[in-house]
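Peer 1: Structure provided below as C-alpha cells; questions to follow.
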Amino acid sequence: PWGEARRLAAAALCLLALVFVLAMPIFFVTPRLGRGALARAEGGLTGLVGFSDEVSLGEYGRLQQSSRIVMRVRVEDPYATRNQYLRWRGVGLDRFDGRTWRKSSREKIFKSRDKTSPRDFFGFGTTEDAGRLTTQTFFVEPVDTPVLFAAHRAVGISGALPYVGQDAEGGLTTREHPRERITYRAFSDTAGPPLESLRRDAGQYSREDAARYLQLPENLDPRIPELARGLIVGTGADNNYDAAHVIEDYFRQNFKYSLEVRGEGADPLADFMFRVRAGHCEYYSTAMAVMLRSQNIAARVVNGFQMGEYNDAADVFTVRQSDAHSWVEVYFPETGAWVAFDPTPVAGRPFGVNGQGPRGLMGKYAEALEMFWIQYVVDYDRQEQQQLATRFRDRAGDLQRGGFRFLEGVIATASGWWAGITAAGGVVARPSFLGLAPYALFAGAGGLALVLVARRRGFSFRALAKSLRGAGKGRQSPVAFYERMTRALAARGARRAPDQTPLEFASTLDAPEALLITRAYNRVRFGARELSPSETARVEEWLQKIEKP
C-alpha cells in the first residue's frame with residue numbers, strides 16, 4: 001500500500017509540475033483585463049509628511065526615524081547612475097513664513113491618458129536628445145499622498161493611472177490619496193544644461209517669478225543676508241551658479257547632520273544657523289534657499305526622497321521613510337532650467353548596498369522574490385508583457401550575434417593558419433576549409449579518448465573548474481579597485497579610521513565617486529558578485545576622478 005501511495009504522490013507532483021510549466025507561458029502572454037498598475041494592498045501608510053502643500057521645520061526628523069519601505073525603484077537606463085546621484089522628486093514649495101514652507105499657487109494642469117496609446121502615456125515636456133532620458137519604474141507602497149515621484153526634469157509618466165496632474169512647481173500627482181500600491185514609469189532628462197550656459201545665464205526674472213521665488217519672511221534676521229553676501233563676495237563668485245555652489249559648500253563643510261538637534265525659539269532658522277549649527281535636511285535646504293533669495297537669486301525648496309539602498313539581486317533601489325530628503329532648486333531664466341543643489345552634509349545622505357552579512361543576504365533575496373511577485377504576478381500587465389517579450393528578443397539576438405562573431409573569429413583564425421601552411425609549402429591556392437576536416441576529426445577523436453580515460457580514472461572536470469576558479473581568485477584580488485581608491489585618498493590626507501566601515505568612511509568625504517566605488521566594493525566583497533565590463537569601466541572613471549591632483 002505504501003508503494004502505491006508513493007507512486008500516486010509522484011504522479012500528482014508530476015501532474016502539478018506539468019500544469020505549472022504549461023500555465024506559466026499562458027499567464028505571461030494572456031492580456032490583463034484590470035487596471036494593472038493599481039493593485040489593492042492592505043495597511044496603508046500614515047503620517048508620511050513633506051508631500052502636502054506645506055511642511056514645517058522639524059517635521060522631517062520624525063519621518064527619518066522610520067525604516068518602513070515607501071517604494072522601490074528600478075532604473076533601466078544607466079546614464080544617470082553612472083554620472084550623478086539621483087533623487088526622487090516629490091513637491092516644490094515656494095513661500096516661506098519663517099517656520100513653514102507652502103505652495104502659493106494651487107494651479108494644476110491635468111493630463112488625461114491617450115486611450116489610443118498602448119503605454120498610457122502622459123507627456124509633460126520634451127528633451128533635446130531622447131538618448132539622455134532615464135527610465136525609472138516605481139513600485140510605490142500604499143501612502144496617504146497623491147504625489148507621484150520621479151527624477152528631476154520628468155518629461156512623461158507611463159502607467160494605467162486615471163489621470164496625472166502637474167502643478168506650477170513641477171510636482172506630479174494622481175488621484176487623491178490612492179490607498180493601494182501604484183506602479184508606473186517616469187522618463188526624466190537627467191543630463192541638464194551645460195555648466196557654461198548656466199554660468200553665463202544673467203537673465204532677468206519676470207515680475208511673477210520675482211514675487212514667488214525671491215519672497216522672504218518678515219523680520220528676517222539681518223545676519224542671514226550679511227552672511228550670504230560675505231560668502232559670495234569673499235570667494236569671488238561672479239555668477240548665480242557659482243554663488244549657489246559657494247553657499248552649498250559652506251553648509252556641507254561647516255555644519256553637522258543630526259536628527260536630534262534642531263533650531264528652536266521664535267526664529268528656528270536663525271537659531272540653527274548661528275547657534276546650533278547642526279540639524280537635518282529641511283533646515284539646510286531652508287537656510288540655503290533663504291540666503292540665495294536674500295541675494296536676489298531665485299530659489300525654491302523641494303521635498304522628496306534620496307536614491308535609497310541598492311539591492312543587486314532585485315536590481316532595485318529600496319526607498320524607506322528614513323530616506324526622506326529636502327534640497328534646493330535654483331532658477332536660471334535665460335536657460336529656462338531649475339538646477340538642484342544639496343547643502344546637507346554627506347553624513348545626512350547615506351548611500352548603501354543591501355545584503356551585507358548572513359541576515360542581509362537573506363533579506364536581499366527575500367526582497368528580490370517579493371519584487372518578482374509584485375512585478376510579474378500582482379502588477380503584471382500588458383506593458384510588462386511587451387517588455388518581457390522585448391527583453392527575450394534582445395537576449396536571443398545578442399546570443400545569435402555573439403555566436404556569429406565567435407564563428408567568424410574561428411574562421412578568420414583558421415584562414416590565417418591555412419594561408420601560412422600553404423605559403424610555407426609553396427602552394428599557391430585559395431584556402432579551402434575542407435582541408436581542415438582531417439585535423440578537426442583527429443582533434444575530436446583525441447579529445448573524446450581523453451574524456452573517456454579521465455572518467456574511468458575518476459577525474460572530475462567540475463572539481464577542476466572549481467579549483468581553477470578558486471586559484472584565479474587567489475591570484476587577483478576582486479577588490480583591488482577599492483585598495484587603489486584608499487591609496488589615492490591617503491595621498492590626499494584622507495585615511496580610514498580602524499573603527500570605520502567602508503561606507504562610514506566614504507560618507508565622511510565630500511566625494512560622490514568614493515560612495516559609488518564603495519557601493520561596488522560592498523557588492524563584490526560581501527555579495528559574492530563580480531563587476532560586469534560596463535561596471536568595471538565606470539569604476540575606472542570614478543577612480544581617475546579621485547586620483548586627479
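If you're wondering about the labels, chains in the C-alpha cells are A, B, ... by order shown, residues count from 1 in each chain, ligands from 1 in order shown.
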Would you write out, as JSON lines, a table of all residues in segment 178-228 of chain A that have an atom no more than 12 Å from an atom of segment 271-281 of chain A, listing for each the closest atom pair and the distance in Å to one decimal, considering only C-alpha atoms and ordering rows by chain and rising residue number?
Peer 2:
{"residue": "A:Asp221", "atom": "CA", "partner": "A:Asp271", "partner_atom": "CA", "distance": 10.0}
{"residue": "A:Pro222", "atom": "CA", "partner": "A:Phe274", "partner_atom": "CA", "distance": 11.8}
{"residue": "A:Arg223", "atom": "CA", "partner": "A:Phe274", "partner_atom": "CA", "distance": 8.8}
{"residue": "A:Ile224", "atom": "CA", "partner": "A:Met273", "partner_atom": "CA", "distance": 8.3}
{"residue": "A:Pro225", "atom": "CA", "partner": "A:Met273", "partner_atom": "CA", "distance": 11.9}
{"residue": "A:Leu227", "atom": "CA", "partner": "A:Met273", "partner_atom": "CA", "distance": 10.1}
{"residue": "A:Ala228", "atom": "CA", "partner": "A:Met273", "partner_atom": "CA", "distance": 11.6}
Peer 1: With all heavy atoms retained, could you export that selection as an mmCIF file, in the first residue's frame?
Peer 2:
data_model
loop_
_atom_site.group_PDB
_atom_site.id
_atom_site.type_symbol
_atom_site.label_atom_id
_atom_site.label_comp_id
_atom_site.auth_asym_id
_atom_site.auth_seq_id
_atom_site.Cartn_x
_atom_site.Cartn_y
_atom_site.Cartn_z
ATOM 1 N N ASP A 221 16.176 87.745 10.028
ATOM 2 C CA ASP A 221 17.369 88.098 10.801
ATOM 3 C C ASP A 221 18.396 88.730 9.861
ATOM 4 O O ASP A 221 18.791 88.115 8.867
ATOM 5 C CB ASP A 221 17.946 86.836 11.455
ATOM 6 C CG ASP A 221 19.021 87.154 12.483
ATOM 7 O OD1 ASP A 221 19.959 87.910 12.149
ATOM 8 O OD2 ASP A 221 18.934 86.638 13.610
ATOM 9 N N PRO A 222 18.872 89.962 10.129
ATOM 10 C CA PRO A 222 19.803 90.640 9.201
ATOM 11 C C PRO A 222 21.144 89.937 9.061
ATOM 12 O O PRO A 222 21.870 90.201 8.105
ATOM 13 C CB PRO A 222 19.960 92.030 9.827
ATOM 14 C CG PRO A 222 19.579 91.863 11.256
ATOM 15 C CD PRO A 222 18.531 90.795 11.293
ATOM 16 N N ARG A 223 21.467 89.032 9.966
ATOM 17 C CA ARG A 223 22.738 88.311 9.851
ATOM 18 C C ARG A 223 22.731 87.345 8.672
ATOM 19 O O ARG A 223 23.791 86.983 8.153
ATOM 20 C CB ARG A 223 23.030 87.555 11.150
ATOM 21 C CG ARG A 223 23.304 88.441 12.359
ATOM 22 C CD ARG A 223 23.484 87.589 13.611
ATOM 23 N NE ARG A 223 22.243 86.892 13.967
ATOM 24 C CZ ARG A 223 22.147 86.007 14.971
ATOM 25 N NH1 ARG A 223 23.227 85.727 15.703
ATOM 26 N NH2 ARG A 223 20.996 85.425 15.243
ATOM 27 N N ILE A 224 21.541 86.906 8.263
ATOM 28 C CA ILE A 224 21.461 85.918 7.172
ATOM 29 C C ILE A 224 21.881 86.526 5.840
ATOM 30 O O ILE A 224 22.783 85.980 5.170
ATOM 31 C CB ILE A 224 20.042 85.317 7.116
ATOM 32 C CG1 ILE A 224 19.766 84.514 8.392
ATOM 33 C CG2 ILE A 224 19.893 84.428 5.878
ATOM 34 C CD1 ILE A 224 18.373 83.917 8.460
ATOM 35 N N PRO A 225 21.299 87.631 5.376
ATOM 36 C CA PRO A 225 21.796 88.223 4.121
ATOM 37 C C PRO A 225 23.233 88.712 4.233
ATOM 38 O O PRO A 225 23.982 88.663 3.249
ATOM 39 C CB PRO A 225 20.833 89.373 3.856
ATOM 40 C CG PRO A 225 20.167 89.656 5.150
ATOM 41 C CD PRO A 225 20.108 88.355 5.878
ATOM 42 N N LEU A 227 25.650 87.296 5.975
ATOM 43 C CA LEU A 227 26.499 86.112 5.818
ATOM 44 C C LEU A 227 26.555 85.684 4.355
ATOM 45 O O LEU A 227 27.633 85.376 3.826
ATOM 46 C CB LEU A 227 25.962 84.975 6.684
ATOM 47 C CG LEU A 227 26.637 83.609 6.521
ATOM 48 C CD1 LEU A 227 28.121 83.687 6.908
ATOM 49 C CD2 LEU A 227 25.922 82.536 7.346
ATOM 50 N N ALA A 228 25.412 85.643 3.671
ATOM 51 C CA ALA A 228 25.372 85.220 2.268
ATOM 52 C C ALA A 228 26.217 86.145 1.405
ATOM 53 O O ALA A 228 27.002 85.689 0.556
ATOM 54 C CB ALA A 228 23.930 85.208 1.777
#
Peer 1: Which residues are close to segment 487-501 of chain A, i.e. within 7 Å by only C-alpha atoms, leaving aside same-chain residues fewer than 3 positions away? Reply as a PyMOL selection string.
Peer 2: chain A and resi 483-484+504-505+546-547
Peer 1: With only C-alpha atoms as the atoms that count, which of A:Thr486, A:Asn296, A:Thr137, A:Ser188 lies nearest to Tyr205 of chain A?
Peer 2: A:Asn296
